[in-house]
file data_5.cif (mmCIF, C-alpha atoms)
data_protein
loop_
_atom_site.label_atom_id
_atom_site.label_comp_id
_atom_site.auth_asym_id
_atom_site.auth_seq_id
_atom_site.Cartn_x
_atom_site.Cartn_y
_atom_site.Cartn_z
CA MET A 266 0.00 0.00 0.00
CA SER A 267 1.41 3.43 -0.57
CA ARG A 268 2.63 5.09 2.64
CA LYS A 269 5.40 3.28 4.47
CA THR A 270 4.75 3.35 8.20
CA SER A 271 7.54 1.10 9.43
CA SER A 272 9.78 -1.47 7.76
CA SER A 273 7.70 -2.73 4.83
CA ARG A 274 4.36 -1.84 6.39
CA SER A 275 1.82 0.40 4.71
CA LEU A 276 -1.75 1.59 5.20
CA ALA A 277 -4.94 -0.01 3.92
CA PHE A 278 -8.32 1.76 3.95
CA VAL A 279 -11.32 -0.59 4.18
CA TYR A 280 -14.86 0.67 3.67
CA GLY A 281 -17.12 -2.38 3.39
CA THR A 282 -17.34 -5.97 4.55
CA LEU A 283 -13.78 -5.93 5.95
CA LYS A 284 -14.75 -3.39 8.64
CA GLN A 285 -15.31 -4.39 12.25
CA GLY A 286 -18.71 -6.04 12.72
CA PHE A 287 -19.11 -7.05 9.05
CA SER A 288 -18.97 -10.40 7.28
CA ASN A 289 -15.37 -10.41 6.03
CA HIS A 290 -13.78 -8.85 9.11
CA TRP A 291 -12.65 -12.39 10.02
CA LEU A 292 -9.78 -11.83 7.56
CA MET A 293 -8.63 -8.66 9.33
CA GLU A 294 -8.87 -10.46 12.67
CA ASP A 295 -6.80 -13.34 11.30
CA VAL A 296 -3.99 -11.16 9.93
CA MET A 297 -4.00 -9.01 13.11
CA THR A 298 -3.77 -12.11 15.33
CA LYS A 299 -0.77 -13.30 13.31
CA GLY A 300 0.95 -9.89 13.55
CA HIS A 301 0.51 -8.91 9.90
CA ALA A 302 -1.85 -5.98 10.54
CA ARG A 303 -3.06 -3.62 13.22
CA PHE A 304 -6.06 -1.35 13.49
CA VAL A 305 -5.09 2.33 13.27
CA GLY A 306 -8.40 4.21 13.36
CA ILE A 307 -11.34 5.67 11.48
CA ALA A 308 -10.88 8.10 8.57
CA SER A 309 -12.63 9.54 5.51
CA THR A 310 -11.50 9.96 1.93
CA LYS A 311 -10.16 13.44 1.21
CA LYS A 312 -11.80 13.42 -2.22
CA ARG A 313 -15.40 12.43 -2.81
CA TYR A 314 -15.90 9.01 -4.40
CA PRO A 315 -19.01 7.02 -5.22
CA LEU A 316 -19.52 4.11 -2.82
CA VAL A 317 -22.27 1.86 -4.13
CA CYS A 318 -23.80 -1.54 -3.42
CA GLY A 319 -23.91 -3.93 -6.34
CA PRO A 320 -25.32 -7.43 -6.61
CA PHE A 321 -25.70 -9.30 -3.32
CA GLN A 322 -25.25 -5.89 -1.59
CA VAL A 323 -21.48 -6.09 -2.19
CA PRO A 324 -19.89 -2.65 -1.71
CA PHE A 325 -17.80 -1.07 -4.47
CA LEU A 326 -15.71 2.09 -4.23
CA LEU A 327 -15.57 3.70 -7.67
CA ASP A 328 -12.52 5.56 -8.94
CA MET A 329 -14.47 8.65 -9.98
CA PRO A 330 -13.01 11.45 -7.81
CA ALA A 331 -15.26 14.46 -7.15
CA CYS A 332 -18.42 12.35 -7.49
CA GLY A 333 -20.19 10.80 -4.54
CA CYS A 334 -19.27 11.37 -0.89
CA HIS A 335 -16.33 11.57 1.47
CA VAL A 336 -16.39 7.85 2.25
CA ARG A 337 -15.87 6.75 5.86
CA GLY A 338 -13.97 3.60 6.72
CA GLU A 339 -11.26 2.00 8.81
CA LEU A 340 -7.51 2.31 8.47
CA TYR A 341 -5.11 -0.59 9.07
CA GLU A 342 -1.35 -0.84 9.05
CA VAL A 343 -0.53 -3.96 7.01
CA ASP A 344 2.47 -5.93 5.81
CA ARG A 345 2.97 -7.83 2.54
CA VAL A 346 1.35 -11.01 3.91
CA ALA A 347 -1.82 -9.09 4.82
CA ILE A 348 -1.86 -7.36 1.42
CA ASP A 349 -1.62 -10.73 -0.34
CA HIS A 350 -4.61 -12.02 1.67
CA LEU A 351 -6.60 -8.84 0.97
CA ASP A 352 -5.77 -9.01 -2.76
CA GLU A 353 -7.02 -12.61 -2.80
CA LEU A 354 -10.29 -11.79 -1.01
CA GLU A 355 -10.92 -8.78 -3.25
CA GLY A 356 -10.32 -10.78 -6.44
CA VAL A 357 -7.53 -8.52 -7.72
CA SER A 358 -6.12 -11.24 -10.01
CA LYS A 359 -9.65 -11.97 -11.31
CA GLY A 360 -10.42 -8.36 -12.27
CA HIS A 361 -12.97 -7.66 -9.52
CA TYR A 362 -11.10 -4.84 -7.75
CA VAL A 363 -7.84 -2.92 -8.13
CA ARG A 364 -5.73 -1.58 -5.29
CA ARG A 365 -5.03 2.14 -5.70
CA PRO A 366 -3.67 5.00 -3.58
CA LEU A 367 -5.94 7.61 -2.06
CA ALA A 368 -5.69 10.40 0.48
CA LEU A 369 -7.55 10.26 3.80
CA THR A 370 -8.40 12.94 6.33
CA GLY A 371 -10.07 13.26 9.71
CA LEU A 372 -8.23 10.34 11.29
CA GLN A 373 -9.66 9.39 14.67
CA SER A 374 -6.99 7.31 16.32
CA LEU A 375 -5.34 6.57 19.62
CA GLN A 376 -2.35 5.20 17.66
CA PHE A 377 -1.12 8.45 16.07
CA PHE A 378 -0.80 10.80 19.04
CA ASN A 379 1.01 13.50 17.08
CA TYR A 380 -1.24 13.34 14.02
CA ASP A 381 -2.78 16.61 12.84
CA PRO A 382 -6.46 15.79 12.10
CA SER A 383 -6.55 18.55 9.47
CA GLY A 384 -3.68 16.82 7.63
CA GLU A 385 -3.87 13.91 5.25
CA ILE A 386 -2.66 10.34 5.21
CA GLN A 387 -1.79 8.33 2.13
CA ALA A 388 -3.18 4.80 2.02
CA GLU A 389 -4.54 2.38 -0.54
CA ALA A 390 -8.03 1.04 -1.05
CA TYR A 391 -9.77 -1.45 -3.29
CA PHE A 392 -11.68 0.20 -6.13
CA ALA A 393 -14.02 -1.59 -8.53
CA ALA A 394 -12.15 -2.65 -11.66
CA ALA A 395 -12.40 -0.06 -14.46
CA PRO A 396 -14.74 -2.07 -16.76
CA LEU A 397 -17.37 -2.12 -13.97
CA THR A 398 -17.14 1.49 -12.83
CA GLN A 399 -19.53 3.30 -15.19
CA GLY A 400 -22.22 0.61 -14.98
CA LEU A 401 -22.10 0.50 -11.19
CA ALA A 402 -22.13 4.30 -10.91
CA ALA A 403 -25.27 4.54 -13.03
CA SER A 404 -27.04 1.63 -11.38
CA SER A 405 -26.87 2.35 -7.68
CA ALA A 406 -27.26 5.14 -5.12
CA HIS A 407 -24.05 6.64 -3.75
CA ILE A 408 -23.60 6.22 0.01
CA GLU A 409 -21.20 7.78 2.53
CA ALA A 410 -20.58 4.61 4.51
CA TYR A 411 -21.36 0.93 4.28
CA THR A 412 -23.47 0.32 7.38
CA LYS A 413 -25.65 -2.42 8.85
CA LYS A 414 -28.54 -0.92 6.84
CA GLN A 415 -26.83 -1.99 3.59
CA THR A 416 -26.11 -5.49 4.87
CA VAL A 417 -29.74 -6.46 5.44
CA ASN A 418 -29.79 -8.10 2.00
CA TYR A 419 -26.08 -8.99 1.83
CA VAL A 420 -25.50 -12.49 0.46
CA PRO A 421 -22.27 -14.21 1.66
CA ARG A 422 -20.14 -15.83 -1.05
CA LYS A 423 -21.04 -19.36 0.01
CA ASP A 424 -24.76 -18.58 -0.48
CA ARG A 425 -24.51 -16.97 -3.93
CA PRO A 426 -25.57 -18.88 -7.05
CA GLN A 427 -22.62 -20.85 -8.39
CA ASN A 428 -23.77 -20.87 -12.03
CA ARG A 429 -21.78 -17.70 -12.88
CA THR A 430 -18.50 -16.08 -11.94
CA PHE A 431 -18.68 -13.00 -9.73
CA LEU A 432 -17.94 -10.76 -12.74
CA GLU A 433 -20.77 -12.40 -14.67
CA HIS A 434 -23.10 -11.71 -11.73
CA VAL A 435 -21.97 -8.07 -11.57
CA ASN A 436 -22.38 -7.52 -15.32
CA ALA A 437 -25.81 -9.21 -15.34
CA TRP A 438 -26.87 -7.05 -12.37
CA ILE A 439 -25.69 -3.87 -14.13
CA GLU A 440 -27.63 -4.89 -17.24
CA SER A 441 -30.80 -5.62 -15.25
CA GLN A 442 -30.50 -2.28 -13.42
CA SER A 443 -30.08 -0.35 -16.68
CA GLN A 444 -33.12 -2.11 -18.15
CA SER A 445 -35.14 -1.15 -15.06
CA VAL A 446 -34.12 2.47 -15.47
CA GLN A 447 -35.03 2.39 -19.17
CA LEU A 448 -38.44 0.87 -18.38
CA GLU A 449 -39.10 3.58 -15.77
CA VAL A 450 -38.23 6.33 -18.24
CA CYS A 451 -40.38 4.77 -20.98
CA SER A 452 -43.39 4.35 -18.68
CA ARG A 453 -43.50 8.05 -17.72
#
call {"tool": "encode", "arguments": {"input": "data_5.cif", "output": "structure tokens"}}
result
Amino acid sequence: MSRKTSSSRSLAFVYGTLKQGFSNHWLMEDVMTKGHARFVGIASTKKRYPLVCGPFQVPFLLDMPACGCHVRGELYEVDRVAIDHLDELEGVSKGHYVRRPLALTGLQSLQFFNYDPSGEIQAEAYFAAAPLTQGLAASSAHIEAYTKKQTVNYVPRKDRPQNRTFLEHVNAWIESQSQSVQLEVCSR
């Protein structure tokens, strides 16, 4: 991840199911228990980005700066082992998400005693892969934070239909959403 914090450690910003209290936080707990990560605090993106929920209520951060909201999430210090596990979960090699740098502000942390809250921190986050960005942006409401409200209809991986890849599910969902919007416009 982009900012070096101590020998080969960097910062990861998580905004969805990896946060405390959500379905994939088990991974953060696992890498923290093994000494590969530590919780730093809560922060928001300096720039506004669209955060949307796609199929199965999976959250996607879209690399469209100046659109959307200042997204709130959690900041972790991570090493290469943790990054490899996060990349695997986020499907980086499969084209689901890409890890990119971003600036954060408003850090609330007991870890960084001398941190100026008006300053910024460089970290990395997982953004939806470029081919999905426009379709997701047009198909879903932009939210400031992924909360328990969004997880009411969340479907864990093990419970999702296995007849398609995740990308096929996302593309089919985008297509169905765009058809719904077209039908609404035509019926007016």
call {"tool": "residues_around", "arguments": {"input": "data_5.cif", "residues": "Phe278 of chain A", "least_positions_apart": "6", "cutoff": "8 Å", "atoms": "all atoms listed in the file", "output": "PyMOL selection string"}}
result
chain A and resi 338-341+388-390
call {"tool": "write_last_selection", "arguments": {"input": "data_5.cif", "atoms": "C-alpha atoms", "output": "short mmCIF file (atom, residue, chain, number, x, y, z; two decimals), in the frame of the given file"}}
result
data_model
loop_
_atom_site.label_atom_id
_atom_site.label_comp_id
_atom_site.auth_asym_id
_atom_site.auth_seq_id
_atom_site.Cartn_x
_atom_site.Cartn_y
_atom_site.Cartn_z
CA GLY A 338 -13.97 3.60 6.72
CA GLU A 339 -11.26 2.00 8.81
CA LEU A 340 -7.51 2.31 8.47
CA TYR A 341 -5.11 -0.59 9.07
CA ALA A 388 -3.18 4.80 2.02
CA GLU A 389 -4.54 2.38 -0.54
CA ALA A 390 -8.03 1.04 -1.05
#
call {"tool": "resolve_selection", "arguments": {"input": "data_5.cif", "expression": "the PyMOL selection byres ((chain A and resi 305) around 7)", "output": "count of residues only"}}
result
8
call {"tool": "residues_around", "arguments": {"input": "data_5.cif", "residues": "segment 346-357 of chain A", "least_positions_apart": "6", "cutoff": "8 Å", "atoms": "only C-alpha atoms", "output": "JSON, numbers by chain"}}
result
{"A": [266, 292, 296, 301, 302, 363, 364, 391]}
call {"tool": "atom_distance", "arguments": {"input": "data_5.cif", "atom1": "atom CA of Ala331 of chain A", "atom2": "atom CA of Tyr314 of chain A"}}
result
6.1 Å
call {"tool": "atom_distance", "arguments": {"input": "data_5.cif", "atom1": "atom CA of His335 of chain A", "atom2": "atom CA of Lys414 of chain A"}}
result
18.3 Å
call {"tool": "resolve_selection", "arguments": {"input": "data_5.cif", "expression": "the PyMOL selection byres ((chain A and resi 397-402) around 8)", "output": "list in words"}}
result
Pro315, Val317, Gly319, Leu327, Asp328, Ala393, Ala394, Ala395, Pro396, Ala403, Ser404, Ser405, Ala406, His407, Val435, Asn436 and Ile439 of chain A
call {"tool": "build_atoms", "arguments": {"input": "data_5.cif", "residues": "segment 388-406 of chain A", "atoms": "N, CA, C and O atoms", "output": "PDB file, in the coordinates of the input"}}
result
ATOM      1  N   ALA A 388      -2.917   6.230   1.829  1.00  0.00           N
ATOM      2  CA  ALA A 388      -3.180   4.800   2.020  1.00  0.00           C
ATOM      3  C   ALA A 388      -3.575   4.228   0.665  1.00  0.00           C
ATOM      4  O   ALA A 388      -3.506   4.924  -0.352  1.00  0.00           O
ATOM      5  N   GLU A 389      -3.987   2.990   0.662  1.00  0.00           N
ATOM      6  CA  GLU A 389      -4.540   2.380  -0.540  1.00  0.00           C
ATOM      7  C   GLU A 389      -5.867   1.741  -0.195  1.00  0.00           C
ATOM      8  O   GLU A 389      -6.099   1.343   0.949  1.00  0.00           O
ATOM      9  N   ALA A 390      -6.717   1.655  -1.215  1.00  0.00           N
ATOM     10  CA  ALA A 390      -8.030   1.040  -1.050  1.00  0.00           C
ATOM     11  C   ALA A 390      -8.332   0.215  -2.293  1.00  0.00           C
ATOM     12  O   ALA A 390      -7.675   0.358  -3.322  1.00  0.00           O
ATOM     13  N   TYR A 391      -9.343  -0.622  -2.169  1.00  0.00           N
ATOM     14  CA  TYR A 391      -9.770  -1.450  -3.290  1.00  0.00           C
ATOM     15  C   TYR A 391     -10.932  -0.781  -4.004  1.00  0.00           C
ATOM     16  O   TYR A 391     -11.994  -0.577  -3.433  1.00  0.00           O
ATOM     17  N   PHE A 392     -10.671  -0.427  -5.274  1.00  0.00           N
ATOM     18  CA  PHE A 392     -11.680   0.200  -6.130  1.00  0.00           C
ATOM     19  C   PHE A 392     -12.216  -0.855  -7.098  1.00  0.00           C
ATOM     20  O   PHE A 392     -11.483  -1.759  -7.504  1.00  0.00           O
ATOM     21  N   ALA A 393     -13.466  -0.704  -7.508  1.00  0.00           N
ATOM     22  CA  ALA A 393     -14.020  -1.590  -8.530  1.00  0.00           C
ATOM     23  C   ALA A 393     -13.133  -1.508  -9.769  1.00  0.00           C
ATOM     24  O   ALA A 393     -12.628  -0.436 -10.112  1.00  0.00           O
ATOM     25  N   ALA A 394     -12.942  -2.630 -10.433  1.00  0.00           N
ATOM     26  CA  ALA A 394     -12.150  -2.650 -11.660  1.00  0.00           C
ATOM     27  C   ALA A 394     -12.790  -1.715 -12.687  1.00  0.00           C
ATOM     28  O   ALA A 394     -14.018  -1.566 -12.745  1.00  0.00           O
ATOM     29  N   ALA A 395     -11.958  -1.079 -13.499  1.00  0.00           N
ATOM     30  CA  ALA A 395     -12.400  -0.060 -14.460  1.00  0.00           C
ATOM     31  C   ALA A 395     -13.581  -0.482 -15.340  1.00  0.00           C
ATOM     32  O   ALA A 395     -14.510   0.307 -15.525  1.00  0.00           O
ATOM     33  N   PRO A 396     -13.606  -1.710 -15.886  1.00  0.00           N
ATOM     34  CA  PRO A 396     -14.740  -2.070 -16.760  1.00  0.00           C
ATOM     35  C   PRO A 396     -16.102  -2.046 -16.049  1.00  0.00           C
ATOM     36  O   PRO A 396     -17.140  -1.976 -16.707  1.00  0.00           O
ATOM     37  N   LEU A 397     -16.109  -2.088 -14.716  1.00  0.00           N
ATOM     38  CA  LEU A 397     -17.370  -2.120 -13.970  1.00  0.00           C
ATOM     39  C   LEU A 397     -17.817  -0.739 -13.504  1.00  0.00           C
ATOM     40  O   LEU A 397     -18.988  -0.545 -13.160  1.00  0.00           O
ATOM     41  N   THR A 398     -16.904   0.213 -13.496  1.00  0.00           N
ATOM     42  CA  THR A 398     -17.140   1.490 -12.830  1.00  0.00           C
ATOM     43  C   THR A 398     -18.351   2.251 -13.360  1.00  0.00           C
ATOM     44  O   THR A 398     -19.230   2.642 -12.581  1.00  0.00           O
ATOM     45  N   GLN A 399     -18.426   2.497 -14.640  1.00  0.00           N
ATOM     46  CA  GLN A 399     -19.530   3.300 -15.190  1.00  0.00           C
ATOM     47  C   GLN A 399     -20.883   2.628 -14.958  1.00  0.00           C
ATOM     48  O   GLN A 399     -21.852   3.284 -14.570  1.00  0.00           O
ATOM     49  N   GLY A 400     -20.957   1.323 -15.176  1.00  0.00           N
ATOM     50  CA  GLY A 400     -22.220   0.610 -14.980  1.00  0.00           C
ATOM     51  C   GLY A 400     -22.678   0.634 -13.537  1.00  0.00           C
ATOM     52  O   GLY A 400     -23.863   0.839 -13.247  1.00  0.00           O
ATOM     53  N   LEU A 401     -21.745   0.452 -12.610  1.00  0.00           N
ATOM     54  CA  LEU A 401     -22.100   0.500 -11.190  1.00  0.00           C
ATOM     55  C   LEU A 401     -22.513   1.900 -10.766  1.00  0.00           C
ATOM     56  O   LEU A 401     -23.452   2.078  -9.999  1.00  0.00           O
ATOM     57  N   ALA A 402     -21.818   2.913 -11.280  1.00  0.00           N
ATOM     58  CA  ALA A 402     -22.130   4.300 -10.910  1.00  0.00           C
ATOM     59  C   ALA A 402     -23.543   4.679 -11.342  1.00  0.00           C
ATOM     60  O   ALA A 402     -24.252   5.381 -10.629  1.00  0.00           O
ATOM     61  N   ALA A 403     -23.952   4.193 -12.500  1.00  0.00           N
ATOM     62  CA  ALA A 403     -25.270   4.540 -13.030  1.00  0.00           C
ATOM     63  C   ALA A 403     -26.388   3.689 -12.450  1.00  0.00           C
ATOM     64  O   ALA A 403     -27.562   4.040 -12.572  1.00  0.00           O
ATOM     65  N   SER A 404     -26.029   2.596 -11.802  1.00  0.00           N
ATOM     66  CA  SER A 404     -27.040   1.630 -11.380  1.00  0.00           C
ATOM     67  C   SER A 404     -27.361   1.637  -9.903  1.00  0.00           C
ATOM     68  O   SER A 404     -28.220   0.883  -9.464  1.00  0.00           O
ATOM     69  N   SER A 405     -26.689   2.454  -9.120  1.00  0.00           N
ATOM     70  CA  SER A 405     -26.870   2.350  -7.680  1.00  0.00           C
ATOM     71  C   SER A 405     -26.689   3.708  -7.009  1.00  0.00           C
ATOM     72  O   SER A 405     -25.921   4.550  -7.483  1.00  0.00           O
ATOM     73  N   ALA A 406     -27.385   3.908  -5.897  1.00  0.00           N
ATOM     74  CA  ALA A 406     -27.260   5.140  -5.120  1.00  0.00           C
ATOM     75  C   ALA A 406     -25.876   5.221  -4.484  1.00  0.00           C
ATOM     76  O   ALA A 406     -25.316   4.205  -4.088  1.00  0.00           O
TER      77      ALA A 406
END
